[in-house]
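Asker: mmCIF, C-alpha atoms, file start_19.cif:
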data_data
loop_
_atom_site.group_PDB
_atom_site.id
_atom_site.type_symbol
_atom_site.label_atom_id
_atom_site.label_comp_id
_atom_site.auth_asym_id
_atom_site.auth_seq_id
_atom_site.Cartn_x
_atom_site.Cartn_y
_atom_site.Cartn_z
ATOM 1 C CA MET U 1322 114.342 38.603 74.245
ATOM 2 C CA PRO U 1323 110.762 38.052 75.505
ATOM 3 C CA ASP U 1324 110.273 38.015 79.264
ATOM 4 C CA ASP U 1325 108.499 34.756 80.136
ATOM 5 C CA HIS U 1326 107.711 36.099 83.626
ATOM 6 C CA ARG U 1327 105.907 39.287 82.595
ATOM 7 C CA ASN U 1328 102.317 39.914 83.746
ATOM 8 C CA ASP U 1329 99.969 38.671 80.994
ATOM 9 C CA GLY U 1330 96.892 40.216 82.623
ATOM 10 C CA THR U 1331 95.446 36.941 83.901
ATOM 11 C CA MET U 1332 93.952 36.787 87.401
ATOM 12 C CA HIS U 1333 95.695 34.747 90.074
ATOM 13 C CA THR U 1334 93.614 31.907 91.517
ATOM 14 C CA ARG U 1335 92.890 31.408 95.219
ATOM 15 C CA GLY U 1336 95.889 29.878 96.967
ATOM 16 C CA SER U 1337 98.413 31.044 94.377
ATOM 17 C CA SER U 1338 101.370 33.179 95.456
ATOM 18 C CA GLY U 1339 99.704 36.295 94.008
ATOM 19 C CA ALA U 1340 96.283 35.857 95.600
ATOM 20 C CA ALA U 1341 95.058 38.908 97.503
ATOM 21 C CA ARG U 1342 94.883 38.622 101.296
ATOM 22 C CA PRO U 1343 93.149 40.982 103.771
ATOM 23 C CA GLU U 1344 96.508 42.179 105.099
ATOM 24 C CA ASP U 1345 97.604 42.964 101.520
ATOM 25 C CA GLU U 1346 94.512 45.114 101.027
ATOM 26 C CA ALA U 1347 95.298 47.090 104.211
ATOM 27 C CA VAL U 1348 98.859 47.715 103.048
ATOM 28 C CA SER U 1349 97.521 48.651 99.629
ATOM 29 C CA ALA U 1350 95.295 51.328 101.200
ATOM 30 C CA ASP U 1351 98.298 52.764 103.033
ATOM 31 C CA GLU U 1352 100.348 52.651 99.873
ATOM 32 C CA ARG U 1353 97.624 54.425 97.939
ATOM 33 C CA ALA U 1354 97.534 57.166 100.572
ATOM 34 C CA GLU U 1355 101.327 57.479 100.490
ATOM 35 C CA ASN U 1356 101.351 57.612 96.700
ATOM 36 C CA GLY U 1357 98.649 60.256 96.757
ATOM 37 C CA ILE U 1358 100.600 62.473 99.154
ATOM 38 C CA LYS U 1359 103.786 62.114 97.108
ATOM 39 C CA MET U 1360 101.875 62.913 93.917
ATOM 40 C CA LEU U 1361 100.424 66.052 95.475
ATOM 41 C CA GLU U 1362 103.785 67.124 96.904
ATOM 42 C CA SER U 1363 105.469 66.687 93.534
ATOM 43 C CA ALA U 1364 102.659 68.475 91.689
ATOM 44 C CA ALA U 1365 102.838 71.461 94.033
ATOM 45 C CA GLN U 1366 106.510 71.938 93.100
ATOM 46 C CA SER U 1367 106.094 71.224 89.385
ATOM 47 C CA PRO U 1368 107.093 73.844 86.775
ATOM 48 C CA ASP U 1369 103.565 73.350 85.407
ATOM 49 C CA PRO U 1370 101.192 75.341 87.663
ATOM 50 C CA GLY U 1371 98.266 73.216 86.518
ATOM 51 C CA MET U 1372 99.693 69.969 87.870
ATOM 52 C CA CYS U 1373 98.476 70.592 91.410
ATOM 53 C CA GLN U 1374 94.890 70.926 90.252
ATOM 54 C CA LYS U 1375 95.244 67.791 88.153
ATOM 55 C CA ALA U 1376 96.638 65.881 91.136
ATOM 56 C CA VAL U 1377 93.710 66.899 93.342
ATOM 57 C CA GLY U 1378 91.315 65.931 90.554
ATOM 58 C CA GLN U 1379 92.964 62.525 90.336
ATOM 59 C CA LEU U 1380 92.585 61.997 94.093
ATOM 60 C CA LEU U 1381 88.901 62.884 93.898
ATOM 61 C CA SER U 1382 88.421 60.554 90.928
ATOM 62 C CA GLN U 1383 89.771 57.712 93.083
ATOM 63 C CA GLY U 1384 86.840 58.185 95.452
ATOM 64 C CA ILE U 1385 88.706 60.179 98.104
ATOM 65 C CA ARG U 1386 86.340 62.663 99.704
ATOM 66 C CA PRO U 1387 87.092 66.389 99.273
ATOM 67 C CA GLU U 1388 87.257 66.918 103.042
ATOM 68 C CA GLU U 1389 89.837 64.120 103.330
ATOM 69 C CA VAL U 1390 91.982 65.781 100.678
ATOM 70 C CA ALA U 1391 91.637 69.093 102.536
ATOM 71 C CA ASP U 1392 92.180 67.759 106.066
ATOM 72 C CA PHE U 1393 94.851 65.123 105.431
ATOM 73 C CA TYR U 1394 96.477 65.022 102.006
ATOM 74 C CA ILE U 1395 97.129 68.742 101.522
ATOM 75 C CA PRO U 1396 98.426 69.444 105.069
ATOM 76 C CA GLU U 1397 100.665 66.371 104.952
ATOM 77 C CA ALA U 1398 102.106 67.393 101.578
ATOM 78 C CA ALA U 1399 102.772 70.883 102.949
ATOM 79 C CA ARG U 1400 104.361 69.472 106.103
ATOM 80 C CA ARG U 1401 106.712 67.299 104.096
ATOM 81 C CA MET U 1402 107.766 70.222 101.923
ATOM 82 C CA GLY U 1403 108.530 72.245 105.041
ATOM 83 C CA GLU U 1404 110.511 69.358 106.465
ATOM 84 C CA ALA U 1405 112.459 68.997 103.214
ATOM 85 C CA TRP U 1406 113.302 72.712 103.307
ATOM 86 C CA CYS U 1407 114.568 72.402 106.903
ATOM 87 C CA LYS U 1408 116.869 69.616 105.690
ATOM 88 C CA ASP U 1409 118.062 71.762 102.735
ATOM 89 C CA GLU U 1410 116.602 69.251 100.306
ATOM 90 C CA ILE U 1411 114.507 71.887 98.495
ATOM 91 C CA GLY U 1412 114.759 75.647 98.212
ATOM 92 C CA PHE U 1413 112.649 78.302 99.893
ATOM 93 C CA ALA U 1414 111.095 79.280 96.555
ATOM 94 C CA ASN U 1415 109.849 75.713 96.069
ATOM 95 C CA VAL U 1416 108.197 75.736 99.489
ATOM 96 C CA THR U 1417 106.646 79.159 98.970
ATOM 97 C CA ILE U 1418 105.240 78.370 95.528
ATOM 98 C CA GLY U 1419 104.153 74.883 96.555
ATOM 99 C CA ALA U 1420 102.345 76.117 99.676
ATOM 100 C CA SER U 1421 100.603 78.827 97.660
ATOM 101 C CA ARG U 1422 99.326 76.249 95.180
ATOM 102 C CA LEU U 1423 98.132 73.956 97.951
ATOM 103 C CA GLN U 1424 96.257 76.853 99.545
ATOM 104 C CA SER U 1425 94.592 77.541 96.199
ATOM 105 C CA MET U 1426 93.463 73.929 96.133
ATOM 106 C CA LEU U 1427 92.044 74.314 99.647
ATOM 107 C CA ARG U 1428 90.010 77.293 98.507
ATOM 108 C CA GLU U 1429 88.660 75.352 95.542
ATOM 109 C CA LEU U 1430 87.821 72.334 97.684
ATOM 110 C CA SER U 1431 85.957 74.576 100.115
ATOM 111 C CA GLN U 1432 83.528 75.390 97.311
ATOM 112 C CA ILE U 1433 82.603 71.726 96.896
ATOM 113 C CA GLY U 1434 79.535 71.104 98.993
ATOM 114 C CA ALA U 1435 79.648 74.667 100.328
ATOM 115 C CA ARG U 1436 75.847 74.869 100.237
ATOM 116 C CA ASP U 1437 75.531 71.895 102.577
ATOM 117 C CA SER U 1438 77.921 73.445 105.097
ATOM 118 C CA GLU U 1439 76.325 76.892 105.217
ATOM 119 C CA ALA U 1440 75.932 78.046 108.802
ATOM 120 C CA LYS U 1441 72.437 78.535 110.174
ATOM 121 C CA ALA U 1442 71.297 81.891 111.475
ATOM 122 C CA ASP U 1443 71.743 80.772 115.102
ATOM 123 C CA ALA U 1444 75.070 79.002 114.499
ATOM 124 C CA PRO U 1445 78.015 79.650 116.854
ATOM 125 C CA THR U 1446 80.347 82.332 115.505
ATOM 126 C CA VAL U 1447 84.142 82.174 115.631
ATOM 127 C CA LEU U 1448 86.804 84.712 114.708
ATOM 128 C CA LEU U 1449 89.896 82.808 113.516
ATOM 129 C CA ILE U 1450 93.003 85.013 113.592
ATOM 130 C CA VAL U 1451 96.462 84.709 112.037
ATOM 131 C CA ALA U 1452 98.854 87.400 113.255
ATOM 132 C CA HIS U 1453 100.581 90.060 111.167
ATOM 133 C CA ASP U 1454 103.583 88.994 109.060
ATOM 134 C CA ILE U 1455 102.855 85.272 109.512
ATOM 135 C CA HIS U 1456 103.042 83.618 106.107
ATOM 136 C CA HIS U 1457 102.142 80.045 107.109
ATOM 137 C CA THR U 1458 98.364 80.307 106.821
ATOM 138 C CA LEU U 1459 97.531 76.889 105.397
ATOM 139 C CA GLY U 1460 96.840 75.409 108.834
ATOM 140 C CA ALA U 1461 94.349 78.158 109.632
ATOM 141 C CA MET U 1462 92.588 77.556 106.330
ATOM 142 C CA VAL U 1463 92.292 73.840 107.109
ATOM 143 C CA VAL U 1464 90.798 74.591 110.543
ATOM 144 C CA SER U 1465 88.425 77.126 108.999
ATOM 145 C CA GLY U 1466 87.085 74.471 106.637
ATOM 146 C CA GLN U 1467 86.713 71.929 109.444
ATOM 147 C CA LEU U 1468 84.742 74.368 111.588
ATOM 148 C CA ARG U 1469 82.440 75.349 108.739
ATOM 149 C CA ARG U 1470 81.647 71.713 108.042
ATOM 150 C CA LYS U 1471 80.588 71.466 111.678
ATOM 151 C CA GLY U 1472 78.075 74.252 111.076
ATOM 152 C CA VAL U 1473 80.103 77.043 112.690
ATOM 153 C CA SER U 1474 80.086 80.520 111.158
ATOM 154 C CA VAL U 1475 83.772 81.475 110.754
ATOM 155 C CA ARG U 1476 85.522 84.690 109.851
ATOM 156 C CA LEU U 1477 89.146 84.058 108.898
ATOM 157 C CA MET U 1478 91.287 87.131 109.580
ATOM 158 C CA LEU U 1479 94.821 87.056 108.147
ATOM 159 C CA ASN U 1480 97.735 89.433 108.763
ATOM 160 C CA ALA U 1481 96.048 90.846 111.862
ATOM 161 C CA ARG U 1482 97.689 93.477 114.041
ATOM 162 C CA PRO U 1483 96.554 93.703 117.689
ATOM 163 C CA HIS U 1484 94.318 96.750 117.198
ATOM 164 C CA ASP U 1485 92.781 95.230 114.037
ATOM 165 C CA ALA U 1486 91.987 91.995 115.875
ATOM 166 C CA ALA U 1487 90.423 93.926 118.759
ATOM 167 C CA ALA U 1488 88.250 95.980 116.410
ATOM 168 C CA ALA U 1489 87.098 92.872 114.533
ATOM 169 C CA ALA U 1490 86.272 91.066 117.795
ATOM 170 C CA ARG U 1491 84.268 94.033 119.036
ATOM 171 C CA ARG U 1492 82.276 94.552 115.839
ATOM 172 C CA GLY U 1493 81.560 90.849 115.254
ATOM 173 C CA ASN U 1494 80.330 89.981 118.755
ATOM 174 C CA TYR U 1495 81.794 86.461 118.351
ATOM 175 C CA ASP U 1496 81.147 83.484 120.602
ATOM 176 C CA ALA U 1497 84.825 82.477 120.565
ATOM 177 C CA ILE U 1498 88.138 83.696 119.201
ATOM 178 C CA PHE U 1499 90.736 81.248 117.882
ATOM 179 C CA LEU U 1500 94.369 82.211 117.237
ATOM 180 C CA SER U 1501 96.296 79.990 114.815
ATOM 181 C CA ALA U 1502 100.036 80.307 115.425
ATOM 182 C CA SER U 1503 103.042 78.667 113.794
ATOM 183 C CA CYS U 1504 106.073 77.076 115.367
ATOM 184 C CA GLY U 1505 108.619 79.767 116.152
ATOM 185 C CA GLU U 1506 106.032 82.522 116.464
ATOM 186 C CA LYS U 1507 106.781 84.754 119.448
ATOM 187 C CA LEU U 1508 104.393 84.267 122.340
ATOM 188 C CA GLU U 1509 104.769 87.948 123.168
ATOM 189 C CA SER U 1510 103.161 88.797 119.818
ATOM 190 C CA LEU U 1511 100.213 86.578 120.683
ATOM 191 C CA ARG U 1512 100.045 88.187 124.124
ATOM 192 C CA LYS U 1513 99.666 91.620 122.526
ATOM 193 C CA ILE U 1514 96.727 90.396 120.441
ATOM 194 C CA VAL U 1515 95.058 88.784 123.447
ATOM 195 C CA ASP U 1516 95.594 91.895 125.607
ATOM 196 C CA SER U 1517 94.268 94.195 122.897
ATOM 197 C CA ILE U 1518 91.099 92.096 122.526
ATOM 198 C CA ARG U 1519 90.591 91.893 126.296
ATOM 199 C CA GLN U 1520 90.960 95.650 126.813
ATOM 200 C CA ASP U 1521 88.325 96.343 124.191
ATOM 201 C CA GLN U 1522 85.645 94.019 125.612
ATOM 202 C CA ASP U 1523 83.053 94.599 128.307
ATOM 203 C CA GLN U 1524 82.150 90.912 128.361
ATOM 204 C CA PRO U 1525 85.019 88.404 127.936
ATOM 205 C CA THR U 1526 85.013 86.087 124.935
ATOM 206 C CA PRO U 1527 86.920 82.773 125.301
ATOM 207 C CA ILE U 1528 90.217 82.815 123.411
ATOM 208 C CA VAL U 1529 91.844 79.592 122.190
ATOM 209 C CA ILE U 1530 95.368 79.261 120.779
ATOM 210 C CA GLY U 1531 96.247 76.384 118.444
ATOM 211 C CA GLY U 1532 98.774 75.480 115.779
ATOM 212 C CA THR U 1533 102.328 74.209 115.678
ATOM 213 C CA VAL U 1534 103.336 76.885 118.210
ATOM 214 C CA LEU U 1535 102.095 74.451 120.869
ATOM 215 C CA ILE U 1536 104.670 71.831 119.885
ATOM 216 C CA GLY U 1537 107.803 73.645 121.025
ATOM 217 C CA SER U 1538 106.426 76.169 123.517
ATOM 218 C CA THR U 1539 105.737 75.844 127.224
ATOM 219 C CA ASP U 1540 103.418 77.813 129.500
ATOM 220 C CA VAL U 1541 101.526 79.155 126.483
ATOM 221 C CA LEU U 1542 98.465 80.080 128.541
ATOM 222 C CA LYS U 1543 100.515 81.917 131.157
ATOM 223 C CA LYS U 1544 102.623 83.755 128.590
ATOM 224 C CA THR U 1545 99.761 84.773 126.302
ATOM 225 C CA GLY U 1546 96.779 85.225 128.597
ATOM 226 C CA ALA U 1547 94.563 82.988 126.441
ATOM 227 C CA ASP U 1548 91.903 80.796 128.030
ATOM 228 C CA TYR U 1549 92.708 77.481 126.328
ATOM 229 C CA THR U 1550 95.176 75.752 124.021
ATOM 230 C CA THR U 1551 94.376 72.838 121.700
ATOM 231 C CA ASN U 1552 94.899 71.635 118.155
ATOM 232 C CA ASP U 1553 91.584 69.784 118.070
ATOM 233 C CA PRO U 1554 88.687 71.866 116.632
ATOM 234 C CA ASP U 1555 86.101 69.703 118.445
ATOM 235 C CA GLU U 1556 87.881 70.174 121.756
ATOM 236 C CA ALA U 1557 88.136 73.914 121.137
ATOM 237 C CA LEU U 1558 84.387 74.119 120.592
ATOM 238 C CA ASP U 1559 83.767 71.980 123.678
ATOM 239 C CA LEU U 1560 86.012 74.180 125.818
ATOM 240 C CA CYS U 1561 84.069 77.242 124.698
ATOM 241 C CA GLY U 1562 80.720 75.539 125.268
ATOM 242 C CA LEU U 1563 79.810 75.713 121.581
ATOM 243 C CA ASN U 1564 79.799 72.130 120.335
ATOM 244 C CA ASN U 1565 76.361 71.043 119.087
ATOM 245 C CA LYS U 1566 74.758 74.167 120.480
ATOM 246 C CA SER U 1567 73.011 77.072 118.846
ATOM 247 C CA ARG U 1568 74.536 80.467 119.376
ATOM 248 C CA GLN U 1569 74.590 81.872 122.889
ATOM 249 C CA ARG U 1570 76.733 84.530 124.511
ATOM 250 C CA LEU U 1571 78.799 83.020 127.325
ATOM 251 C CA THR U 1572 78.847 84.710 130.682
ATOM 252 C CA HIS U 1573 82.008 85.414 132.615
ATOM 253 C CA GLU U 1574 81.152 82.613 135.055
ATOM 254 C CA GLN U 1575 80.859 80.094 132.199
ATOM 255 C CA VAL U 1576 84.264 81.076 130.802
ATOM 256 C CA SER U 1577 86.055 81.017 134.136
#
Could you rewrite the structure in this file as structure tokens?
Answerer:
Amino acid sequence: MPDDHRNDGTMHTRGSSGAARPEDEAVSADERAENGIKMLESAAQSPDPGMCQKAVGQLLSQGIRPEEVADFYIPEAARRMGEAWCKDEIGFANVTIGASRLQSMLRELSQIGARDSEAKADAPTVLLIVAHDIHHTLGAMVVSGQLRRKGVSVRLMLNARPHDAAAAARRGNYDAIFLSASCGEKLESLRKIVDSIRQDQDQPTPIVIGGTVLIGSTDVLKKTGADYTTNDPDEALDLCGLNNKSRQRLTHEQVS
């Protein structure tokens, strides 16, 4: 039987029950964002490995900027998968595969406009470290992209042991060292990295710890020996005296 109330494609007139209102448009934007996150989350767990790339392509085709996909959509999709795993709603394999696919999308997105975000010769330099045996590296990759778009020269070091981190810090002569740590990561492990770096330096480099480790931990500075803690890349650069400045080596007095 025909449905007399189906949408026939005609446009509603002003004042009709279906006319668009400003508040409807705001809700629609939120709904579009929510739909985009759900689409990406579903694609990351799909049996078809190509679905994640297609989902990102669809978001870009809707006019969403690559950096917005990288900074908001992908991290939120990953967070929701992690939350679903904690609630036993999805398996560990789904989270692992999904996170790996999302990280691949981050790497691809980082190539879009890479020429515009190339660091200048006098740009501040940052060593961004993720400790050994830490598998949640997506957050560090997001931060790395954000810093590079701000004109910072970044070296991302994954799976770093204390002596490796110290050697990299010494050879690179960085302006700041950032440690990205996940919730549940032992502060003692971070302390060993900080101590190893400190012992191998004649001139101290400011060390900043960020990541979800800050959510459930207390006295992070005291327990790790780092200089600062923050999850805001701009604040981290400000704390180290590097925001909107060309490269300069900080003195001990400036750090303390």
Asker: What is the distance between atom CA of Ser1474 of chain U and atom CA of Ile1455 of chain U, in Å to one decimal?
Answerer: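 Atom CA of Ile1455 of chain U lies 23.3 Å from atom CA of Ser1474 of chain U.
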Asker: Evaluate the PyMOL selection byres ((chain U and resi 1506) around 12) on the structure here and hand back the selected residues as a compact mmCIF listing (two decimals) with C-alpha atoms, in the coordinates of the input.
Answerer:
# COMPACT_ATOMS: atom_id res chain seq x y z
CA VAL U 1451 96.46 84.71 112.04
CA ALA U 1452 98.85 87.40 113.26
CA HIS U 1453 100.58 90.06 111.17
CA ASP U 1454 103.58 88.99 109.06
CA ILE U 1455 102.86 85.27 109.51
CA HIS U 1456 103.04 83.62 106.11
CA HIS U 1457 102.14 80.04 107.11
CA LEU U 1500 94.37 82.21 117.24
CA SER U 1501 96.30 79.99 114.82
CA ALA U 1502 100.04 80.31 115.42
CA SER U 1503 103.04 78.67 113.79
CA CYS U 1504 106.07 77.08 115.37
CA GLY U 1505 108.62 79.77 116.15
CA LYS U 1507 106.78 84.75 119.45
CA LEU U 1508 104.39 84.27 122.34
CA GLU U 1509 104.77 87.95 123.17
CA SER U 1510 103.16 88.80 119.82
CA LEU U 1511 100.21 86.58 120.68
CA ARG U 1512 100.04 88.19 124.12
CA ILE U 1530 95.37 79.26 120.78
CA GLY U 1531 96.25 76.38 118.44
CA GLY U 1532 98.77 75.48 115.78
CA THR U 1533 102.33 74.21 115.68
CA VAL U 1534 103.34 76.89 118.21
CA LEU U 1535 102.10 74.45 120.87
CA ILE U 1536 104.67 71.83 119.88
CA GLY U 1537 107.80 73.64 121.02
CA SER U 1538 106.43 76.17 123.52
CA VAL U 1541 101.53 79.16 126.48
CA THR U 1545 99.76 84.77 126.30
Asker: Enclose the full set of atoms of segment 1456-1475 of chain U listed in the file within a box whose edges lie along x, y and z, apply 3 Å of padding to each of the six sides, and report centre and edge lengths in Å to one decimal as lines of an AutoDock Vina configuration file.
Answerer:
center_x = 90.6
center_y = 77.5
center_z = 109.0
size_x = 31.0
size_y = 18.2
size_z = 13.3
Asker: Need to verify the contact set: Leu1430 of chain U, 8 Å, all atoms listed in the file, exclusion of same-chain residues closer than 3 positions in sequence. Can you return it as a ChimeraX atom specification?
Answerer: /U:1387-1388,1391,1426-1427,1433
Asker: I'd like the neighbourhood of Gln1467 of chain U as an NGL selection string, where a residue qualifies if any of its atoms comes within 12 Å (using only C-alpha atoms), though same-chain residues fewer than 2 positions away should be ignored.
Answerer: :U and (1387-1393 or 1427 or 1430-1431 or 1435 or 1438 or 1460-1465 or 1469-1475 or 1552-1555 or 1557-1558)
Asker: I'd like the neighbourhood of Val1529 of chain U as a ChimeraX atom specification, where a residue qualifies if any of its atoms comes within 6 Å (using all atoms listed in the file), though same-chain residues fewer than 6 positions away should be ignored.
Answerer: /U:1499,1548-1550
Asker: What is the atom CA of Thr1458 of chain U-atom CA of Met1478 of chain U distance in Å, reported with one decimal?
Answerer: 10.2 Å
Asker: As a PDB file with C-alpha atoms, keeping the file's coordinate frame, please: the residues near Val1515 of chain U (cut-off 8 Å, all atoms listed in the file, same-chain neighbours under 2 positions excluded).
Answerer:
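To be explicit, this is the file written out as result_24.pdb:
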ATOM      1  CA  PRO U1483      96.554  93.703 117.689  1.00  0.00           C
ATOM      2  CA  LEU U1511     100.213  86.578 120.683  1.00  0.00           C
ATOM      3  CA  ARG U1512     100.045  88.187 124.124  1.00  0.00           C
ATOM      4  CA  LYS U1513      99.666  91.620 122.526  1.00  0.00           C
ATOM      5  CA  SER U1517      94.268  94.195 122.897  1.00  0.00           C
ATOM      6  CA  ILE U1518      91.099  92.096 122.526  1.00  0.00           C
ATOM      7  CA  ARG U1519      90.591  91.893 126.296  1.00  0.00           C
ATOM      8  CA  ILE U1528      90.217  82.815 123.411  1.00  0.00           C
ATOM      9  CA  THR U1545      99.761  84.773 126.302  1.00  0.00           C
ATOM     10  CA  GLY U1546      96.779  85.225 128.597  1.00  0.00           C
ATOM     11  CA  ALA U1547      94.563  82.988 126.441  1.00  0.00           C
TER      12      ALA U1547
END
